[in-house]
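J.: One file is attached below, target31.pdb, containing PDB, N, CA and C atoms, pLDDT in the B column.
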```
ATOM      1  N   MET A   1     131.583  95.751 139.280  1.00 57.00           N
ATOM      2  CA  MET A   1     130.291  96.407 139.232  1.00 57.00           C
ATOM      3  C   MET A   1     129.643  96.128 137.867  1.00 57.00           C
ATOM      4  N   LYS A   2     128.432  95.657 137.896  1.00 67.00           N
ATOM      5  CA  LYS A   2     127.735  95.305 136.676  1.00 67.00           C
ATOM      6  C   LYS A   2     127.001  96.528 136.123  1.00 67.00           C
ATOM      7  N   LYS A   3     127.198  96.777 134.829  1.00 74.00           N
ATOM      8  CA  LYS A   3     126.529  97.918 134.213  1.00 74.00           C
ATOM      9  C   LYS A   3     125.144  97.483 133.726  1.00 74.00           C
ATOM     10  N   ARG A   4     124.136  98.246 134.080  1.00 75.00           N
ATOM     11  CA  ARG A   4     122.778  97.929 133.648  1.00 75.00           C
ATOM     12  C   ARG A   4     122.530  98.473 132.253  1.00 75.00           C
ATOM     13  N   ILE A   5     121.732  97.754 131.504  1.00 72.00           N
ATOM     14  CA  ILE A   5     121.369  98.188 130.159  1.00 72.00           C
ATOM     15  C   ILE A   5     120.293  99.263 130.270  1.00 72.00           C
ATOM     16  N   ASP A   6     120.494 100.351 129.548  1.00 73.00           N
ATOM     17  CA  ASP A   6     119.492 101.413 129.512  1.00 73.00           C
ATOM     18  C   ASP A   6     118.368 100.958 128.575  1.00 73.00           C
ATOM     19  N   PHE A   7     117.273 100.505 129.148  1.00 72.00           N
ATOM     20  CA  PHE A   7     116.201  99.886 128.376  1.00 72.00           C
ATOM     21  C   PHE A   7     115.611 100.799 127.298  1.00 72.00           C
ATOM     22  N   PRO A   8     115.284 102.054 127.584  1.00 71.00           N
ATOM     23  CA  PRO A   8     114.717 102.899 126.520  1.00 71.00           C
ATOM     24  C   PRO A   8     115.673 103.115 125.350  1.00 71.00           C
ATOM     25  N   LYS A   9     116.967 103.278 125.632  1.00 75.00           N
ATOM     26  CA  LYS A   9     117.925 103.473 124.536  1.00 75.00           C
ATOM     27  C   LYS A   9     118.074 102.207 123.705  1.00 75.00           C
ATOM     28  N   ALA A  10     118.147 101.064 124.368  1.00 77.00           N
ATOM     29  CA  ALA A  10     118.264  99.795 123.644  1.00 77.00           C
ATOM     30  C   ALA A  10     117.024  99.553 122.792  1.00 77.00           C
ATOM     31  N   LEU A  11     115.862  99.865 123.335  1.00 74.00           N
ATOM     32  CA  LEU A  11     114.623  99.689 122.589  1.00 74.00           C
ATOM     33  C   LEU A  11     114.553 100.642 121.399  1.00 74.00           C
ATOM     34  N   ALA A  12     115.052 101.855 121.570  1.00 75.00           N
ATOM     35  CA  ALA A  12     115.067 102.808 120.461  1.00 75.00           C
ATOM     36  C   ALA A  12     115.982 102.319 119.339  1.00 75.00           C
ATOM     37  N   ILE A  13     117.127 101.760 119.688  1.00 80.00           N
ATOM     38  CA  ILE A  13     118.048 101.236 118.671  1.00 80.00           C
ATOM     39  C   ILE A  13     117.411 100.065 117.928  1.00 80.00           C
ATOM     40  N   VAL A  14     116.753  99.178 118.665  1.00 77.00           N
ATOM     41  CA  VAL A  14     116.066  98.048 118.029  1.00 77.00           C
ATOM     42  C   VAL A  14     114.957  98.554 117.112  1.00 77.00           C
ATOM     43  N   ASN A  15     114.210  99.558 117.550  1.00 76.00           N
ATOM     44  CA  ASN A  15     113.154 100.139 116.712  1.00 76.00           C
ATOM     45  C   ASN A  15     113.717 100.701 115.417  1.00 76.00           C
ATOM     46  N   ILE A  16     114.835 101.406 115.505  1.00 79.00           N
ATOM     47  CA  ILE A  16     115.443 101.999 114.312  1.00 79.00           C
ATOM     48  C   ILE A  16     115.892 100.911 113.344  1.00 79.00           C
ATOM     49  N   LEU A  17     116.536  99.866 113.861  1.00 80.00           N
ATOM     50  CA  LEU A  17     116.991  98.773 112.992  1.00 80.00           C
ATOM     51  C   LEU A  17     115.811  98.071 112.317  1.00 80.00           C
ATOM     52  N   LEU A  18     114.763  97.803 113.073  1.00 76.00           N
ATOM     53  CA  LEU A  18     113.591  97.148 112.492  1.00 76.00           C
ATOM     54  C   LEU A  18     112.908  98.045 111.468  1.00 76.00           C
ATOM     55  N   TYR A  19     112.862  99.326 111.737  1.00 77.00           N
ATOM     56  CA  TYR A  19     112.256 100.261 110.791  1.00 77.00           C
ATOM     57  C   TYR A  19     113.042 100.294 109.488  1.00 77.00           C
ATOM     58  N   LEU A  20     114.383 100.301 109.592  1.00 80.00           N
ATOM     59  CA  LEU A  20     115.211 100.289 108.383  1.00 80.00           C
ATOM     60  C   LEU A  20     115.011  99.004 107.585  1.00 80.00           C
ATOM     61  N   MET A  21     114.900  97.870 108.274  1.00 76.00           N
ATOM     62  CA  MET A  21     114.635  96.608 107.573  1.00 76.00           C
ATOM     63  C   MET A  21     113.285  96.651 106.868  1.00 76.00           C
ATOM     64  N   PHE A  22     112.296  97.232 107.506  1.00 75.00           N
ATOM     65  CA  PHE A  22     110.963  97.309 106.914  1.00 75.00           C
ATOM     66  C   PHE A  22     110.956  98.233 105.698  1.00 75.00           C
ATOM     67  N   VAL A  23     111.673  99.347 105.777  1.00 77.00           N
ATOM     68  CA  VAL A  23     111.755 100.263 104.636  1.00 77.00           C
ATOM     69  C   VAL A  23     112.483  99.596 103.469  1.00 77.00           C
ATOM     70  N   ALA A  24     113.556  98.853 103.772  1.00 75.00           N
ATOM     71  CA  ALA A  24     114.264  98.120 102.715  1.00 75.00           C
ATOM     72  C   ALA A  24     113.343  97.090 102.070  1.00 75.00           C
ATOM     73  N   TYR A  25     112.537  96.433 102.873  1.00 73.00           N
ATOM     74  CA  TYR A  25     111.569  95.468 102.336  1.00 73.00           C
ATOM     75  C   TYR A  25     110.588  96.160 101.394  1.00 73.00           C
ATOM     76  N   LEU A  26     110.046  97.280 101.813  1.00 74.00           N
ATOM     77  CA  LEU A  26     109.094  97.988 100.957  1.00 74.00           C
ATOM     78  C   LEU A  26     109.742  98.411  99.649  1.00 74.00           C
ATOM     79  N   TYR A  27     110.996  98.838  99.719  1.00 74.00           N
ATOM     80  CA  TYR A  27     111.710  99.239  98.507  1.00 74.00           C
ATOM     81  C   TYR A  27     111.825  98.061  97.545  1.00 74.00           C
ATOM     82  N   PHE A  28     112.208  96.901  98.069  1.00 69.00           N
ATOM     83  CA  PHE A  28     112.394  95.743  97.199  1.00 69.00           C
ATOM     84  C   PHE A  28     111.074  95.181  96.688  1.00 69.00           C
ATOM     85  N   VAL A  29     110.045  95.237  97.493  1.00 70.00           N
ATOM     86  CA  VAL A  29     108.755  94.709  97.061  1.00 70.00           C
ATOM     87  C   VAL A  29     108.144  95.586  95.980  1.00 70.00           C
ATOM     88  N   LEU A  30     108.376  96.872  96.079  1.00 70.00           N
ATOM     89  CA  LEU A  30     107.793  97.776  95.091  1.00 70.00           C
ATOM     90  C   LEU A  30     108.540  97.769  93.762  1.00 70.00           C
ATOM     91  N   LEU A  31     109.717  97.107  93.717  1.00 70.00           N
ATOM     92  CA  LEU A  31     110.408  96.950  92.437  1.00 70.00           C
ATOM     93  C   LEU A  31     109.789  95.770  91.695  1.00 70.00           C
ATOM     94  N   PRO A  32     109.171  95.990  90.544  1.00 68.00           N
ATOM     95  CA  PRO A  32     108.504  94.870  89.865  1.00 68.00           C
ATOM     96  C   PRO A  32     109.489  93.816  89.348  1.00 68.00           C
ATOM     97  N   SER A  33     110.687  94.204  88.982  1.00 70.00           N
ATOM     98  CA  SER A  33     111.645  93.238  88.444  1.00 70.00           C
ATOM     99  C   SER A  33     112.228  92.343  89.531  1.00 70.00           C
ATOM    100  N   PHE A  34     112.081  92.719  90.774  1.00 67.00           N
ATOM    101  CA  PHE A  34     112.657  91.953  91.884  1.00 67.00           C
ATOM    102  C   PHE A  34     111.802  90.740  92.248  1.00 67.00           C
ATOM    103  N   GLU A  35     110.544  90.733  91.797  1.00 68.00           N
ATOM    104  CA  GLU A  35     109.603  89.704  92.233  1.00 68.00           C
ATOM    105  C   GLU A  35     109.983  88.304  91.769  1.00 68.00           C
ATOM    106  N   TYR A  36     110.663  88.182  90.660  1.00 73.00           N
ATOM    107  CA  TYR A  36     110.959  86.860  90.103  1.00 73.00           C
ATOM    108  C   TYR A  36     112.355  86.366  90.444  1.00 73.00           C
ATOM    109  N   THR A  37     113.017  86.985  91.379  1.00 73.00           N
ATOM    110  CA  THR A  37     114.349  86.537  91.787  1.00 73.00           C
ATOM    111  C   THR A  37     114.220  85.591  92.978  1.00 73.00           C
ATOM    112  N   PRO A  38     115.204  84.700  93.172  1.00 75.00           N
ATOM    113  CA  PRO A  38     115.120  83.767  94.307  1.00 75.00           C
ATOM    114  C   PRO A  38     115.243  84.455  95.663  1.00 75.00           C
ATOM    115  N   LEU A  39     115.792  85.649  95.682  1.00 75.00           N
ATOM    116  CA  LEU A  39     115.966  86.385  96.933  1.00 75.00           C
ATOM    117  C   LEU A  39     114.644  86.941  97.465  1.00 75.00           C
ATOM    118  N   TYR A  40     113.646  87.019  96.596  1.00 73.00           N
ATOM    119  CA  TYR A  40     112.374  87.662  96.944  1.00 73.00           C
ATOM    120  C   TYR A  40     111.690  86.995  98.134  1.00 73.00           C
ATOM    121  N   GLU A  41     111.636  85.664  98.132  1.00 73.00           N
ATOM    122  CA  GLU A  41     110.944  84.953  99.213  1.00 73.00           C
ATOM    123  C   GLU A  41     111.624  85.165 100.560  1.00 73.00           C
ATOM    124  N   SER A  42     112.958  85.146 100.571  1.00 76.00           N
ATOM    125  CA  SER A  42     113.654  85.335 101.847  1.00 76.00           C
ATOM    126  C   SER A  42     113.486  86.770 102.350  1.00 76.00           C
ATOM    127  N   VAL A  43     113.522  87.731 101.446  1.00 73.00           N
ATOM    128  CA  VAL A  43     113.314  89.127 101.852  1.00 73.00           C
ATOM    129  C   VAL A  43     111.891  89.308 102.374  1.00 73.00           C
ATOM    130  N   LYS A  44     110.943  88.617 101.741  1.00 75.00           N
ATOM    131  CA  LYS A  44     109.557  88.705 102.181  1.00 75.00           C
ATOM    132  C   LYS A  44     109.394  88.144 103.598  1.00 75.00           C
ATOM    133  N   LEU A  45     110.048  87.023 103.866  1.00 78.00           N
ATOM    134  CA  LEU A  45     109.973  86.422 105.199  1.00 78.00           C
ATOM    135  C   LEU A  45     110.620  87.322 106.249  1.00 78.00           C
ATOM    136  N   ILE A  46     111.803  87.857 105.920  1.00 76.00           N
ATOM    137  CA  ILE A  46     112.498  88.755 106.849  1.00 76.00           C
ATOM    138  C   ILE A  46     111.635  89.975 107.148  1.00 76.00           C
ATOM    139  N   SER A  47     110.971  90.480 106.128  1.00 73.00           N
ATOM    140  CA  SER A  47     110.158  91.676 106.322  1.00 73.00           C
ATOM    141  C   SER A  47     108.941  91.395 107.189  1.00 73.00           C
ATOM    142  N   LEU A  48     108.327  90.240 107.011  1.00 76.00           N
ATOM    143  CA  LEU A  48     107.173  89.914 107.852  1.00 76.00           C
ATOM    144  C   LEU A  48     107.586  89.782 109.310  1.00 76.00           C
ATOM    145  N   VAL A  49     108.726  89.140 109.534  1.00 78.00           N
ATOM    146  CA  VAL A  49     109.229  88.998 110.898  1.00 78.00           C
ATOM    147  C   VAL A  49     109.580  90.366 111.480  1.00 78.00           C
ATOM    148  N   SER A  50     110.242  91.214 110.667  1.00 74.00           N
ATOM    149  CA  SER A  50     110.632  92.531 111.173  1.00 74.00           C
ATOM    150  C   SER A  50     109.411  93.416 111.422  1.00 74.00           C
ATOM    151  N   ALA A  51     108.384  93.279 110.597  1.00 75.00           N
ATOM    152  CA  ALA A  51     107.170  94.069 110.816  1.00 75.00           C
ATOM    153  C   ALA A  51     106.484  93.655 112.118  1.00 75.00           C
ATOM    154  N   ALA A  52     106.424  92.356 112.364  1.00 79.00           N
ATOM    155  CA  ALA A  52     105.823  91.884 113.614  1.00 79.00           C
ATOM    156  C   ALA A  52     106.662  92.321 114.812  1.00 79.00           C
ATOM    157  N   ALA A  53     107.978  92.205 114.683  1.00 78.00           N
ATOM    158  CA  ALA A  53     108.862  92.607 115.778  1.00 78.00           C
ATOM    159  C   ALA A  53     108.792  94.112 116.009  1.00 78.00           C
ATOM    160  N   LEU A  54     108.629  94.870 114.930  1.00 77.00           N
ATOM    161  CA  LEU A  54     108.505  96.322 115.065  1.00 77.00           C
ATOM    162  C   LEU A  54     107.241  96.672 115.845  1.00 77.00           C
ATOM    163  N   GLY A  55     106.158  95.988 115.562  1.00 77.00           N
ATOM    164  CA  GLY A  55     104.929  96.219 116.317  1.00 77.00           C
ATOM    165  C   GLY A  55     105.096  95.910 117.792  1.00 77.00           C
ATOM    166  N   VAL A  56     105.763  94.794 118.091  1.00 80.00           N
ATOM    167  CA  VAL A  56     106.008  94.426 119.490  1.00 80.00           C
ATOM    168  C   VAL A  56     106.918  95.450 120.159  1.00 80.00           C
ATOM    169  N   ALA A  57     107.958  95.888 119.446  1.00 75.00           N
ATOM    170  CA  ALA A  57     108.898  96.851 120.020  1.00 75.00           C
ATOM    171  C   ALA A  57     108.220  98.188 120.298  1.00 75.00           C
ATOM    172  N   VAL A  58     107.355  98.616 119.399  1.00 77.00           N
ATOM    173  CA  VAL A  58     106.628  99.872 119.621  1.00 77.00           C
ATOM    174  C   VAL A  58     105.694  99.731 120.826  1.00 77.00           C
ATOM    175  N   ALA A  59     105.040  98.587 120.943  1.00 79.00           N
ATOM    176  CA  ALA A  59     104.164  98.362 122.099  1.00 79.00           C
ATOM    177  C   ALA A  59     104.967  98.371 123.395  1.00 79.00           C
ATOM    178  N   LEU A  60     106.135  97.725 123.394  1.00 78.00           N
ATOM    179  CA  LEU A  60     106.990  97.743 124.584  1.00 78.00           C
ATOM    180  C   LEU A  60     107.443  99.155 124.923  1.00 78.00           C
ATOM    181  N   HIS A  61     107.735  99.937 123.892  1.00 75.00           N
ATOM    182  CA  HIS A  61     108.165 101.313 124.114  1.00 75.00           C
ATOM    183  C   HIS A  61     107.039 102.131 124.753  1.00 75.00           C
ATOM    184  N   VAL A  62     105.838 101.963 124.258  1.00 77.00           N
ATOM    185  CA  VAL A  62     104.692 102.687 124.823  1.00 77.00           C
ATOM    186  C   VAL A  62     104.471 102.281 126.278  1.00 77.00           C
ATOM    187  N   ILE A  63     104.560 100.987 126.553  1.00 79.00           N
ATOM    188  CA  ILE A  63     104.403 100.514 127.934  1.00 79.00           C
ATOM    189  C   ILE A  63     105.490 101.099 128.825  1.00 79.00           C
ATOM    190  N   ASN A  64     106.723 101.112 128.323  1.00 77.00           N
ATOM    191  CA  ASN A  64     107.843 101.638 129.102  1.00 77.00           C
ATOM    192  C   ASN A  64     107.668 103.129 129.383  1.00 77.00           C
ATOM    193  N   VAL A  65     107.221 103.881 128.393  1.00 75.00           N
ATOM    194  CA  VAL A  65     107.024 105.322 128.580  1.00 75.00           C
ATOM    195  C   VAL A  65     105.931 105.580 129.614  1.00 75.00           C
ATOM    196  N   THR A  66     104.854 104.800 129.576  1.00 78.00           N
ATOM    197  CA  THR A  66     103.793 105.013 130.563  1.00 78.00           C
ATOM    198  C   THR A  66     104.268 104.658 131.967  1.00 78.00           C
ATOM    199  N   ILE A  67     105.092 103.625 132.093  1.00 76.00           N
ATOM    200  CA  ILE A  67     105.642 103.275 133.409  1.00 76.00           C
ATOM    201  C   ILE A  67     106.555 104.387 133.913  1.00 76.00           C
ATOM    202  N   LEU A  68     107.396 104.934 133.025  1.00 72.00           N
ATOM    203  CA  LEU A  68     108.301 106.008 133.432  1.00 72.00           C
ATOM    204  C   LEU A  68     107.530 107.256 133.838  1.00 72.00           C
ATOM    205  N   ARG A  69     106.426 107.549 133.159  1.00 74.00           N
ATOM    206  CA  ARG A  69     105.630 108.730 133.509  1.00 74.00           C
ATOM    207  C   ARG A  69     104.941 108.556 134.853  1.00 74.00           C
ATOM    208  N   LYS A  70     104.524 107.339 135.163  1.00 73.00           N
ATOM    209  CA  LYS A  70     103.880 107.092 136.453  1.00 73.00           C
ATOM    210  C   LYS A  70     104.869 107.241 137.596  1.00 73.00           C
ATOM    211  N   GLU A  71     106.145 106.923 137.340  1.00 69.00           N
ATOM    212  CA  GLU A  71     107.165 107.015 138.383  1.00 69.00           C
ATOM    213  C   GLU A  71     107.542 108.455 138.697  1.00 69.00           C
ATOM    214  N   GLU A  72     107.326 109.373 137.769  1.00 64.00           N
ATOM    215  CA  GLU A  72     107.743 110.769 137.979  1.00 64.00           C
ATOM    216  C   GLU A  72     106.888 111.492 138.970  1.00 64.00           C
TER     217      GLU A  72
END
```
Translate this structure into structure tokens?
T.:
Amino acid sequence: MKKRIDFPKALAIVNILLYLMFVAYLYFVLLPSFEYTPLYESVKLISLVSAAALGVAVALHVINVTILRKEE
């Protein structure tokens, strides 16, 4: 028997992980001494990707919630 993935729970976990990555990015960007390190560019790229993915994940969550409400 194949177990189905609980989509809202999986999406919530992805949202939390992306949010934590975005908060870590903001922390590092707001440190002025961090700007001149070689790690800065990679953290900046990761944060841009995570911010875009967070927006997509939130949109998917909203769509999923509206679908679930229509089914009730």
J.: Tell me, as a list in words, which residues lie within 8 Å of stretch 41-53 of chain A, counting all atoms listed in the file; anything in the same chain fewer than 3 positions away does not count.
T.: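 In the requested form, the answer reads Val14, Asn15, Leu17, Leu18, Tyr19, Met21, Phe22, Val23, Ala24, Tyr25, Leu26, Val29, Phe34, Glu35, Tyr36, Thr37, Pro38, Val56, Ala57, Val58 and Ala59 of chain A.
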J.: Choose the residue, out of A:Gly55, A:Leu30, A:Phe7, A:Tyr40, that has the smallest atom-to-atom separation from A:Leu68; count only C-alpha atoms.
T.: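 Answer, going by the shortest atom-to-atom distance: A:Phe7.
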J.: Going by DSSP on the backbone, which bits of chain A are alpha helix (DSSP H)? Write them as a PyMOL selection string, please.
T.: chain A and resi 7-29+39-71
J.: Tell me, in Å to one decimal, how far atom C of A:Leu20 is from atom CA of A:Leu54.
T.: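 Separation between atom C of A:Leu20 and atom CA of A:Leu54: 10.3 Å.
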J.: Separation of atom CA of A:Lys9 and atom CA of A:Asn64, in Å?
T.: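 Atom-to-atom, atom CA of A:Lys9 and atom CA of A:Asn64 are spaced 11.2 Å apart.
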J.: Please, what distance in Å, to one decimal, runs between atom CA of A:Arg4 and atom N of A:Lys70?
T.: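 Taking atom CA of A:Arg4 as the start and atom N of A:Lys70 as the end point, the length is 20.6 Å.
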